[in-house]
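Below is one structure, written out as structure tokens; comments come after it.
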Amino acid sequence: DVGLGNAPAANREAALGSAMDCAKNALGLDPSCADAYSLLGICHLSKGEHDQAIAMSEKAVELAPNHAENLAVSAVVLNKSGRPERSLELIRKAMRLSPVYPSWFLWVLGTAFRLTSQTDRAVGAFEASIKLTADYLAPHVGLVSTLGEIGRGKDAKTSGLEILRLDPDFSIRKYMRGLSYRNPADSERIAEGLRRAGLPE
């Protein structure tokens, strides 16, 4: 996942504080630094401050509208803040701007598809992300949860074995702890899909 929500509490607070200080220092030197605003967006998201996260990430996009990674980060913020339609716009633009994109762009795309009820497209995007980077946990979770949600239980359980291979101590509760969705129903959809796949609570 993108952010710091799943880190241990002490490490998370220290990392957030350090990251926010760095971003603010950068803005002190250059008030038009898009990367600093993008970092602040993720920091606010990790703290559950969705309105601030949107404002900061949208400012990053305004300052550097062709910066693919900042567009993708903003798409993460928007997915988790209840605006997946806008997220789809931004992640598709990011992928056009950077055709050789990292696997996490596809995870963002899959999440936006799922949140807009385009579940078949979500499955395809998560599978493509895994194909690029097999040991990246987030798209595995997205894939398994989506398969569980749409009733493909056998496929979900098979794919769930990969989650346990990557993280033998995986539990639904631990993973859900730091997802930082504004709408609790969005988090619960993920948890319920994982339960249907038989992953440990």
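Residue numbering restarts at 1 in every chain; chains get A, B, ... in the order shown in the structure tokens, and ligands count up from 1 in that same order.
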Write out, as a Markdown table, each residue of stretch 158-178 of chain A that has an atom at most 10 Å from stretch 119-143 of chain A, together with the closest pair of atoms and their distance in Å to one decimal, counting only C-alpha atoms, rows going by chain and rising number.
| residue | atom | partner | partner_atom | distance |
| --- | --- | --- | --- | --- |
| A:Ser159 | CA | A:His140 | CA | 7.3 |
| A:Gly160 | CA | A:His140 | CA | 7.6 |
| A:Leu161 | CA | A:His140 | CA | 9.7 |
| A:Glu162 | CA | A:His140 | CA | 7.3 |
| A:Ile163 | CA | A:His140 | CA | 6.3 |
| A:Leu164 | CA | A:Leu137 | CA | 9.8 |
| A:Arg165 | CA | A:Asp135 | CA | 9.3 |
| A:Leu166 | CA | A:Asp135 | CA | 6.6 |
| A:Asp167 | CA | A:Leu137 | CA | 8.2 |
| A:Ile172 | CA | A:Val141 | CA | 9.8 |
| A:Tyr175 | CA | A:Val141 | CA | 9.2 |
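Among the candidates A:Cys22, A:Ala72, A:Leu40, A:Ala53, the residue lying nearest to A:Tyr101 is A:Ala72 (atoms considered: only C-alpha atoms).
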Identify, with DSSP run on backbone atoms, the residues in stretch 31-90 of chain A assigned to alpha helix (DSSP H), and express the list as a VMD selection string.
chain A and resid 34 to 46 50 to 63 68 to 80 84 to 90
Given the selection you just returned, output its residues as a file containing N, CA and C atoms, formatted as a compact mmCIF listing (two decimals), in the first residue's frame.
# COMPACT_ATOMS: atom_id res chain seq x y z
N ALA A 34 6.23 20.89 -6.19
CA ALA A 34 5.11 19.95 -6.30
C ALA A 34 5.34 18.67 -5.51
N ASP A 35 6.58 18.19 -5.50
CA ASP A 35 6.88 16.95 -4.78
C ASP A 35 6.59 17.10 -3.29
N ALA A 36 6.86 18.26 -2.74
CA ALA A 36 6.60 18.49 -1.31
C ALA A 36 5.10 18.44 -1.02
N TYR A 37 4.31 19.04 -1.89
CA TYR A 37 2.85 18.98 -1.70
C TYR A 37 2.35 17.54 -1.83
N SER A 38 2.91 16.79 -2.76
CA SER A 38 2.51 15.40 -2.93
C SER A 38 2.83 14.60 -1.67
N LEU A 39 4.01 14.81 -1.10
CA LEU A 39 4.38 14.12 0.14
C LEU A 39 3.46 14.50 1.28
N LEU A 40 3.13 15.78 1.38
CA LEU A 40 2.20 16.21 2.43
C LEU A 40 0.83 15.55 2.25
N GLY A 41 0.42 15.36 1.00
CA GLY A 41 -0.86 14.68 0.75
C GLY A 41 -0.87 13.27 1.33
N ILE A 42 0.21 12.52 1.10
CA ILE A 42 0.29 11.16 1.63
C ILE A 42 0.36 11.18 3.16
N CYS A 43 1.09 12.14 3.72
CA CYS A 43 1.18 12.24 5.18
C CYS A 43 -0.18 12.50 5.80
N HIS A 44 -0.92 13.46 5.24
CA HIS A 44 -2.26 13.74 5.76
C HIS A 44 -3.18 12.53 5.58
N LEU A 45 -3.05 11.83 4.47
CA LEU A 45 -3.86 10.63 4.26
C LEU A 45 -3.55 9.59 5.34
N SER A 46 -2.27 9.39 5.62
CA SER A 46 -1.88 8.40 6.63
C SER A 46 -2.40 8.76 8.01
N HIS A 50 -8.43 13.57 5.44
CA HIS A 50 -8.70 13.42 4.01
C HIS A 50 -8.83 14.74 3.27
N ASP A 51 -9.48 15.73 3.88
CA ASP A 51 -9.64 17.00 3.18
C ASP A 51 -8.28 17.67 2.94
N GLN A 52 -7.43 17.62 3.96
CA GLN A 52 -6.09 18.19 3.80
C GLN A 52 -5.28 17.39 2.77
N ALA A 53 -5.46 16.07 2.79
CA ALA A 53 -4.74 15.22 1.83
C ALA A 53 -5.14 15.56 0.40
N ILE A 54 -6.43 15.75 0.17
CA ILE A 54 -6.91 16.11 -1.17
C ILE A 54 -6.34 17.47 -1.58
N ALA A 55 -6.40 18.42 -0.67
CA ALA A 55 -5.92 19.78 -1.00
C ALA A 55 -4.45 19.76 -1.37
N MET A 56 -3.64 19.05 -0.60
CA MET A 56 -2.20 19.02 -0.86
C MET A 56 -1.90 18.28 -2.17
N SER A 57 -2.54 17.14 -2.39
CA SER A 57 -2.23 16.37 -3.60
C SER A 57 -2.75 17.07 -4.85
N GLU A 58 -3.88 17.74 -4.75
CA GLU A 58 -4.39 18.49 -5.89
C GLU A 58 -3.49 19.69 -6.19
N LYS A 59 -2.92 20.28 -5.14
CA LYS A 59 -1.96 21.38 -5.35
C LYS A 59 -0.73 20.87 -6.10
N ALA A 60 -0.28 19.65 -5.76
CA ALA A 60 0.85 19.06 -6.48
C ALA A 60 0.53 18.88 -7.95
N VAL A 61 -0.70 18.44 -8.24
CA VAL A 61 -1.12 18.25 -9.64
C VAL A 61 -1.21 19.59 -10.36
N GLU A 62 -1.73 20.60 -9.67
CA GLU A 62 -1.84 21.94 -10.26
C GLU A 62 -0.46 22.49 -10.64
N LEU A 63 0.51 22.28 -9.75
CA LEU A 63 1.85 22.83 -9.99
C LEU A 63 2.62 22.06 -11.05
N ALA A 68 4.00 12.35 -13.66
CA ALA A 68 3.22 11.12 -13.59
C ALA A 68 3.11 10.58 -12.17
N GLU A 69 4.21 10.55 -11.43
CA GLU A 69 4.16 9.95 -10.10
C GLU A 69 3.28 10.75 -9.15
N ASN A 70 3.35 12.07 -9.22
CA ASN A 70 2.49 12.88 -8.37
C ASN A 70 1.02 12.71 -8.74
N LEU A 71 0.74 12.55 -10.03
CA LEU A 71 -0.64 12.26 -10.44
C LEU A 71 -1.12 10.95 -9.82
N ALA A 72 -0.25 9.95 -9.84
CA ALA A 72 -0.61 8.64 -9.29
C ALA A 72 -0.80 8.71 -7.78
N VAL A 73 0.05 9.47 -7.10
CA VAL A 73 -0.10 9.64 -5.65
C VAL A 73 -1.43 10.33 -5.35
N SER A 74 -1.76 11.34 -6.12
CA SER A 74 -3.04 12.01 -5.93
C SER A 74 -4.20 11.04 -6.16
N ALA A 75 -4.03 10.14 -7.12
CA ALA A 75 -5.07 9.13 -7.37
C ALA A 75 -5.25 8.22 -6.17
N VAL A 76 -4.16 7.87 -5.48
CA VAL A 76 -4.27 7.08 -4.25
C VAL A 76 -5.10 7.83 -3.21
N VAL A 77 -4.76 9.11 -3.02
CA VAL A 77 -5.48 9.93 -2.05
C VAL A 77 -6.97 9.99 -2.38
N LEU A 78 -7.27 10.17 -3.65
CA LEU A 78 -8.67 10.30 -4.06
C LEU A 78 -9.43 8.98 -3.91
N ASN A 79 -8.78 7.86 -4.22
CA ASN A 79 -9.42 6.56 -4.00
C ASN A 79 -9.85 6.42 -2.54
N LYS A 80 -8.95 6.79 -1.65
CA LYS A 80 -9.20 6.56 -0.23
C LYS A 80 -10.06 7.65 0.39
N PRO A 84 -13.25 8.08 -6.38
CA PRO A 84 -12.57 7.18 -7.32
C PRO A 84 -12.71 7.57 -8.78
N GLU A 85 -13.79 8.29 -9.14
CA GLU A 85 -13.93 8.70 -10.54
C GLU A 85 -12.80 9.67 -10.93
N ARG A 86 -12.52 10.63 -10.06
CA ARG A 86 -11.40 11.54 -10.31
C ARG A 86 -10.07 10.79 -10.28
N SER A 87 -9.98 9.80 -9.40
CA SER A 87 -8.77 8.97 -9.34
C SER A 87 -8.52 8.29 -10.68
N LEU A 88 -9.57 7.75 -11.28
CA LEU A 88 -9.42 7.09 -12.58
C LEU A 88 -8.86 8.05 -13.63
N GLU A 89 -9.36 9.28 -13.64
CA GLU A 89 -8.85 10.27 -14.59
C GLU A 89 -7.35 10.46 -14.42
N LEU A 90 -6.93 10.63 -13.16
CA LEU A 90 -5.53 10.95 -12.90
C LEU A 90 -4.60 9.77 -13.16
Go through A:Leu199, A:Leu106, A:Val144, A:Leu29 and flag the residue nearest A:Asp169, using only C-alpha atoms for the distances.
A:Leu199
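Counting only C-alpha atoms and comparing A:Ala191, A:Ala185, A:Met20, A:Ile91, the residue that lies closest to A:Phe113 is A:Ile91.
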Nearest residue to A:Leu194 out of A:Gly17, A:Pro102, A:Gly153, A:Gly48, using only C-alpha atoms?
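Going through A:Gly17, A:Pro102, A:Gly153, A:Gly48 one by one, the smallest distance to A:Leu194 is for A:Gly153.
Nearest-residue note for A:Leu97: choosing from A:His67, A:Lys47, A:Arg83, A:Arg195, the minimum distance belongs to A:His67, counting only C-alpha atoms.
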